[in-house]
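J.: I have a structure here, written as structure tokens, and I will follow up with some questions on it.
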Amino acid sequence: MATWRNRTLFALLLAASTVPALAQAQMPERQVYQLPENASPHDVTPAPDGKVWYSAQQSGALGILDPRTGEVRHVPLGRGSAPHGVIQGPDGAAWLTDGGQNAIVRVDPKTAAVKAWRLPQGSGNANLNTAAFDRDGVLWFTGQNGIYGRLNPNRGEVKVWKAPRGQGPYGITATPEGDIYYASLAGNHIASVDRTTGEARVLEPPTPNQGARRVWSDSTGRIWVSEWNAGQLGLYDPKSKQWKEWKLPGQAPQAYAVYVDERDIVWVSDWGADAILSFDPRTEQFTAYPMSEKGAGVRQILGRPGEVWLPESATNRLMVIRTGASRP
């Protein structure tokens with residue numbers, strides 16, 4: 001394992017947002033952590049011990065940041081590794097979708113032991129993307145080359161299905177009830193997955209060719225969607241089966257990542273404005289937060305109560321927006 005100590009950056013976060021006419025008053029505290037060269041953090045997730053994990057895509061490693069000290073270390077995942085997504089499992093371990101190894105990888109945070117489950121023969125190069133655990137502890141994952149699948153960690157069984165409409169499966173989420181939904185970027189839809197049969201049912205957003213990229217569930221099980229091509233934030237309510245969409249502000253918005261925090265505030269990364277947007281569903285208002293510099297490349301967002309974490313893949317940095325204590 002490689003160990004590297006960094007310095008946090010503060011002054012970069014005082015710049016005004018490039019998104020006009022949005023609320024900027026009383027911005028929450030923001031902090032930036034510089035990572036090792038060639039870390040290329042793609043996804044990020046808070047760890048159970050207060051640390052933060054990220055997928056170091058170019059380094060083929062799990063990155064571990066201690067926000068208290070700024071110390072960073074890398075755990076190599078194996079030959080040819082190129083991890084895309086990383087999440088915390090119900091077992092407290094780091095779970096990664098590794099496109100380079102065509103495998104799901106688990107890293108024990110205490111021992112740094114690495115275990116990989118490769119996709120079944122005949123699956124092809126899946127271009128693995130992201131993963132989510134259902135309520136039974138089964139890991140569901142997507143592959144942009146036209147597959148989605150599941151891993152039962154207890155049985156060590158991996159199963160893969162061909163996605164409807166072929167290429168495109170990208171972001172994936174689990175609702176509080178454990179239901180699974182994924183987004184298909186190339187397929188321009190989201191899909192609900194039957195956890196028993198594995199069948200994926202296509203759900204069409206109102207806007208054609210919108211480029212549904214990532215999805216996230218709120219506390220009520222509603223599904224929020226980042227619509228890349230349309231520059232919109234979408235919402236699907238499984239109970240009413242109704243859709244609603246909001247255009248992001250600015251001249252040429254591009255909605256990439258989406259995440260819903262513990263207050264049910266929705267966060268979206270806008271590549272068109274080099275900004276992070278928060279969206280309050282009650283007021284239907286956006287608020288903009290600048291990145292540490294232009295072209296930061298935030299492809300994913302995740303957090304824990306009081307913190308929203310953003311991987312800046314183009315600058316080799318992680319940024320956190322500290323929102324304060326969650327509402328009761």
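To be explicit about the labels: the chains of the structure tokens are called A, B, and onward in the order shown, and within each one the residues are counted from 1, while ligands get numbers from 1 in the order they are shown.
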What's the 12 Å shell around Gln254 in chain A, counting only C-alpha atoms, without same-chain residues fewer than 3 positions away, as JSON, numbers by chain?
T.: {"A": [210, 211, 212, 213, 226, 227, 228, 229, 230, 231, 232, 233, 247, 248, 249, 250, 251, 257, 258, 268, 269, 270, 271, 272, 273, 274, 275, 276, 277, 297, 298, 299]}
J.: Which residues in range 88-195 of chain A does DSSP call strand (DSSP E)? List them as a PDB file with C-alpha atoms, in the first residue's frame.
T.:
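Below is the file selection.pdb, written as the result:
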```pdb
ATOM      1  CA  GLN A  88     -20.025   0.960   1.516  1.00  0.00           C
ATOM      2  CA  ALA A  94     -15.722  -1.153   0.433  1.00  0.00           C
ATOM      3  CA  TRP A  95     -17.313  -2.652  -2.680  1.00  0.00           C
ATOM      4  CA  LEU A  96     -16.132  -1.589  -6.130  1.00  0.00           C
ATOM      5  CA  THR A  97     -17.200  -2.145  -9.721  1.00  0.00           C
ATOM      6  CA  ASP A  98     -13.889  -2.780 -11.484  1.00  0.00           C
ATOM      7  CA  ALA A 103     -15.171  -7.978 -11.592  1.00  0.00           C
ATOM      8  CA  ILE A 104     -16.835  -6.899  -8.376  1.00  0.00           C
ATOM      9  CA  VAL A 105     -14.151  -6.241  -5.758  1.00  0.00           C
ATOM     10  CA  ARG A 106     -14.391  -6.126  -1.966  1.00  0.00           C
ATOM     11  CA  VAL A 107     -11.795  -4.492   0.273  1.00  0.00           C
ATOM     12  CA  VAL A 114      -8.925  -7.774  -1.481  1.00  0.00           C
ATOM     13  CA  LYS A 115     -11.377 -10.292  -2.919  1.00  0.00           C
ATOM     14  CA  ALA A 116     -12.737 -10.271  -6.474  1.00  0.00           C
ATOM     15  CA  TRP A 117     -15.759 -11.918  -8.110  1.00  0.00           C
ATOM     16  CA  ARG A 118     -15.304 -11.969 -11.866  1.00  0.00           C
ATOM     17  CA  LEU A 128     -18.819  -2.091 -15.177  1.00  0.00           C
ATOM     18  CA  ASN A 129     -20.255   1.104 -13.785  1.00  0.00           C
ATOM     19  CA  THR A 130     -21.979   1.328 -10.394  1.00  0.00           C
ATOM     20  CA  ALA A 131     -23.594  -0.853  -7.743  1.00  0.00           C
ATOM     21  CA  ALA A 132     -26.193  -0.826  -4.952  1.00  0.00           C
ATOM     22  CA  PHE A 133     -27.203  -3.265  -2.220  1.00  0.00           C
ATOM     23  CA  LEU A 139     -25.325  -6.399  -4.692  1.00  0.00           C
ATOM     24  CA  TRP A 140     -26.827  -5.194  -7.998  1.00  0.00           C
ATOM     25  CA  PHE A 141     -24.615  -3.606 -10.643  1.00  0.00           C
ATOM     26  CA  THR A 142     -24.613  -2.110 -14.127  1.00  0.00           C
ATOM     27  CA  GLY A 143     -22.351  -2.384 -17.166  1.00  0.00           C
ATOM     28  CA  ILE A 147     -25.719  -5.683 -19.012  1.00  0.00           C
ATOM     29  CA  TYR A 148     -26.900  -5.512 -15.438  1.00  0.00           C
ATOM     30  CA  GLY A 149     -26.409  -8.157 -12.793  1.00  0.00           C
ATOM     31  CA  ARG A 150     -26.260  -9.204  -9.181  1.00  0.00           C
ATOM     32  CA  LEU A 151     -23.812 -10.755  -6.754  1.00  0.00           C
ATOM     33  CA  ASN A 152     -24.966 -12.733  -3.737  1.00  0.00           C
ATOM     34  CA  GLU A 157     -22.890 -16.311  -7.069  1.00  0.00           C
ATOM     35  CA  VAL A 158     -22.752 -13.767  -9.894  1.00  0.00           C
ATOM     36  CA  LYS A 159     -25.547 -13.567 -12.455  1.00  0.00           C
ATOM     37  CA  VAL A 160     -25.806 -11.262 -15.464  1.00  0.00           C
ATOM     38  CA  TRP A 161     -28.727 -10.227 -17.696  1.00  0.00           C
ATOM     39  CA  LYS A 162     -28.770  -8.448 -21.039  1.00  0.00           C
ATOM     40  CA  PRO A 169     -26.854   0.917 -18.099  1.00  0.00           C
ATOM     41  CA  TYR A 170     -25.132   3.456 -15.860  1.00  0.00           C
ATOM     42  CA  GLY A 171     -26.253   4.690 -12.422  1.00  0.00           C
ATOM     43  CA  ILE A 172     -28.153   2.451 -10.007  1.00  0.00           C
ATOM     44  CA  THR A 173     -29.936   2.940  -6.690  1.00  0.00           C
ATOM     45  CA  ALA A 174     -31.884   1.091  -4.004  1.00  0.00           C
ATOM     46  CA  ILE A 180     -33.650  -1.532  -7.429  1.00  0.00           C
ATOM     47  CA  TYR A 181     -33.701   1.042 -10.234  1.00  0.00           C
ATOM     48  CA  TYR A 182     -31.017   1.848 -12.788  1.00  0.00           C
ATOM     49  CA  ALA A 183     -30.536   4.486 -15.488  1.00  0.00           C
ATOM     50  CA  SER A 184     -29.588   3.814 -19.094  1.00  0.00           C
ATOM     51  CA  HIS A 189     -34.710   5.479 -19.801  1.00  0.00           C
ATOM     52  CA  ILE A 190     -34.689   4.201 -16.269  1.00  0.00           C
ATOM     53  CA  ALA A 191     -35.619   0.634 -15.355  1.00  0.00           C
ATOM     54  CA  SER A 192     -37.028  -1.095 -12.307  1.00  0.00           C
ATOM     55  CA  VAL A 193     -35.617  -4.543 -11.595  1.00  0.00           C
TER      56      VAL A 193
END
```
J.: Could you check which of A:Glu199, A:Asn102, A:Gln57, A:Pro67 is closest to Glu307 in chain A, using only C-alpha atoms?
T.: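 Of the candidates, the smallest distance to Glu307 in chain A is held by A:Pro67.
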J.: What's the separation between CA of Thr111 in chain A and CA of Leu77 in chain A, in Å to one decimal place?
T.: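 Pair CA of Thr111 in chain A / CA of Leu77 in chain A returns 13.4 Å.
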J.: Find, counting only C-alpha atoms, the residue in A:Ala296, A:Val72, A:Ala56, A:Val260 that gets nearest to Val215 in chain A.
T.: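 Among the listed residues, the smallest separation from Val215 in chain A belongs to A:Val260.
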J.: CA of Thr220 in chain A and CA of Pro176 in chain A are how many Å apart?
T.: 7.3 Å
J.: Please compute the CA of Ser292 in chain A-CA of Asp66 in chain A distance, one decimal, in Å.
T.: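 So the answer is 19.3 Å.
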J.: Go through A:Pro46, A:Gly198, A:Pro120, A:Gly137 one by one, measure the shortest atom-to-atom distance of each to Asp91 in chain A using only C-alpha atoms, and give the residue with the smallest value.
T.: A:Gly137
J.: Neighbouring residues of Gly92 in chain A were defined as those with any atom within 8 Å, considering only C-alpha atoms; residues of the same chain fewer than 2 positions away were excluded. Please report them as a PDB file with C-alpha atoms, in the first residue's frame.
T.:
```
ATOM      1  CA  ALA A  47     -16.498   4.993   5.256  1.00  0.00           C
ATOM      2  CA  PRO A  48     -17.933   3.772   8.588  1.00  0.00           C
ATOM      3  CA  GLN A  88     -20.025   0.960   1.516  1.00  0.00           C
ATOM      4  CA  GLY A  89     -21.602  -2.456   1.993  1.00  0.00           C
ATOM      5  CA  PRO A  90     -23.828  -3.576   4.873  1.00  0.00           C
ATOM      6  CA  ALA A  94     -15.722  -1.153   0.433  1.00  0.00           C
ATOM      7  CA  PRO A 109     -11.129  -1.834   5.680  1.00  0.00           C
TER       8      PRO A 109
END
```
J.: Looking at only C-alpha atoms, which of A:Val44, A:Val138, A:Val320, A:Ile301 is the one that sits closest to Gly178 in chain A?
T.: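 Ranking A:Val44, A:Val138, A:Val320, A:Ile301 by distance to Gly178 in chain A, first place goes to A:Val138.
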J.: Write out as an MDAnalysis selection string the residues lying within 12 Å of Lys239 in chain A, counting only C-alpha atoms and excluding same-chain residues fewer than 6 positions away.
T.: chainID A and resid 220:223
J.: Can you spit out the residues from that selection as a CSV table (one decimal), in the first residue's frame, using N, CA and C atoms?
T.:
```
chain,number,residue,atom,x,y,z
A,220,THR,N,-38.7,8.6,0.5
A,220,THR,CA,-40.0,8.1,0.3
A,220,THR,C,-40.0,7.1,-0.9
A,221,GLY,N,-38.9,6.8,-1.5
A,221,GLY,CA,-38.8,5.9,-2.6
A,221,GLY,C,-39.0,6.5,-3.9
A,222,ARG,N,-39.1,7.8,-4.0
A,222,ARG,CA,-39.2,8.5,-5.3
A,222,ARG,C,-37.8,8.5,-5.9
A,223,ILE,N,-37.7,8.3,-7.3
A,223,ILE,CA,-36.5,8.2,-8.0
A,223,ILE,C,-36.1,9.5,-8.7
```
J.: Quick one: of A:Thr207, A:Asn38, A:Gln144, A:Gln31, who's nearest to Leu235 in chain A, counting only C-alpha atoms?
T.: A:Thr207
J.: Pick from A:Leu62, A:Val52, A:Ala252, A:Ala200: nearest to Pro83 in chain A, with only C-alpha atoms counted?
T.: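 That would be A:Leu62, the residue with the smallest distance to Pro83 in chain A.
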J.: Excluding range 279-284 of chain A and its own-chain neighbours fewer than 3 positions away, which residues fall within 8 Å of it when counting only C-alpha atoms? Please give them as a list in words.
T.: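 So, after excluding close chain neighbours, the residues are Asp264, Ile265, Val266, Trp267, Val268 and Thr287 of chain A.
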J.: If we count only C-alpha atoms and set the cut-off at 10 Å, which residues sit around Tyr236 in chain A, ignoring sequence neighbours fewer than 2 positions away in its own chain? Please answer as a PyMOL selection string.
T.: chain A and resi 190+203-205+217+221-225+234+238-245
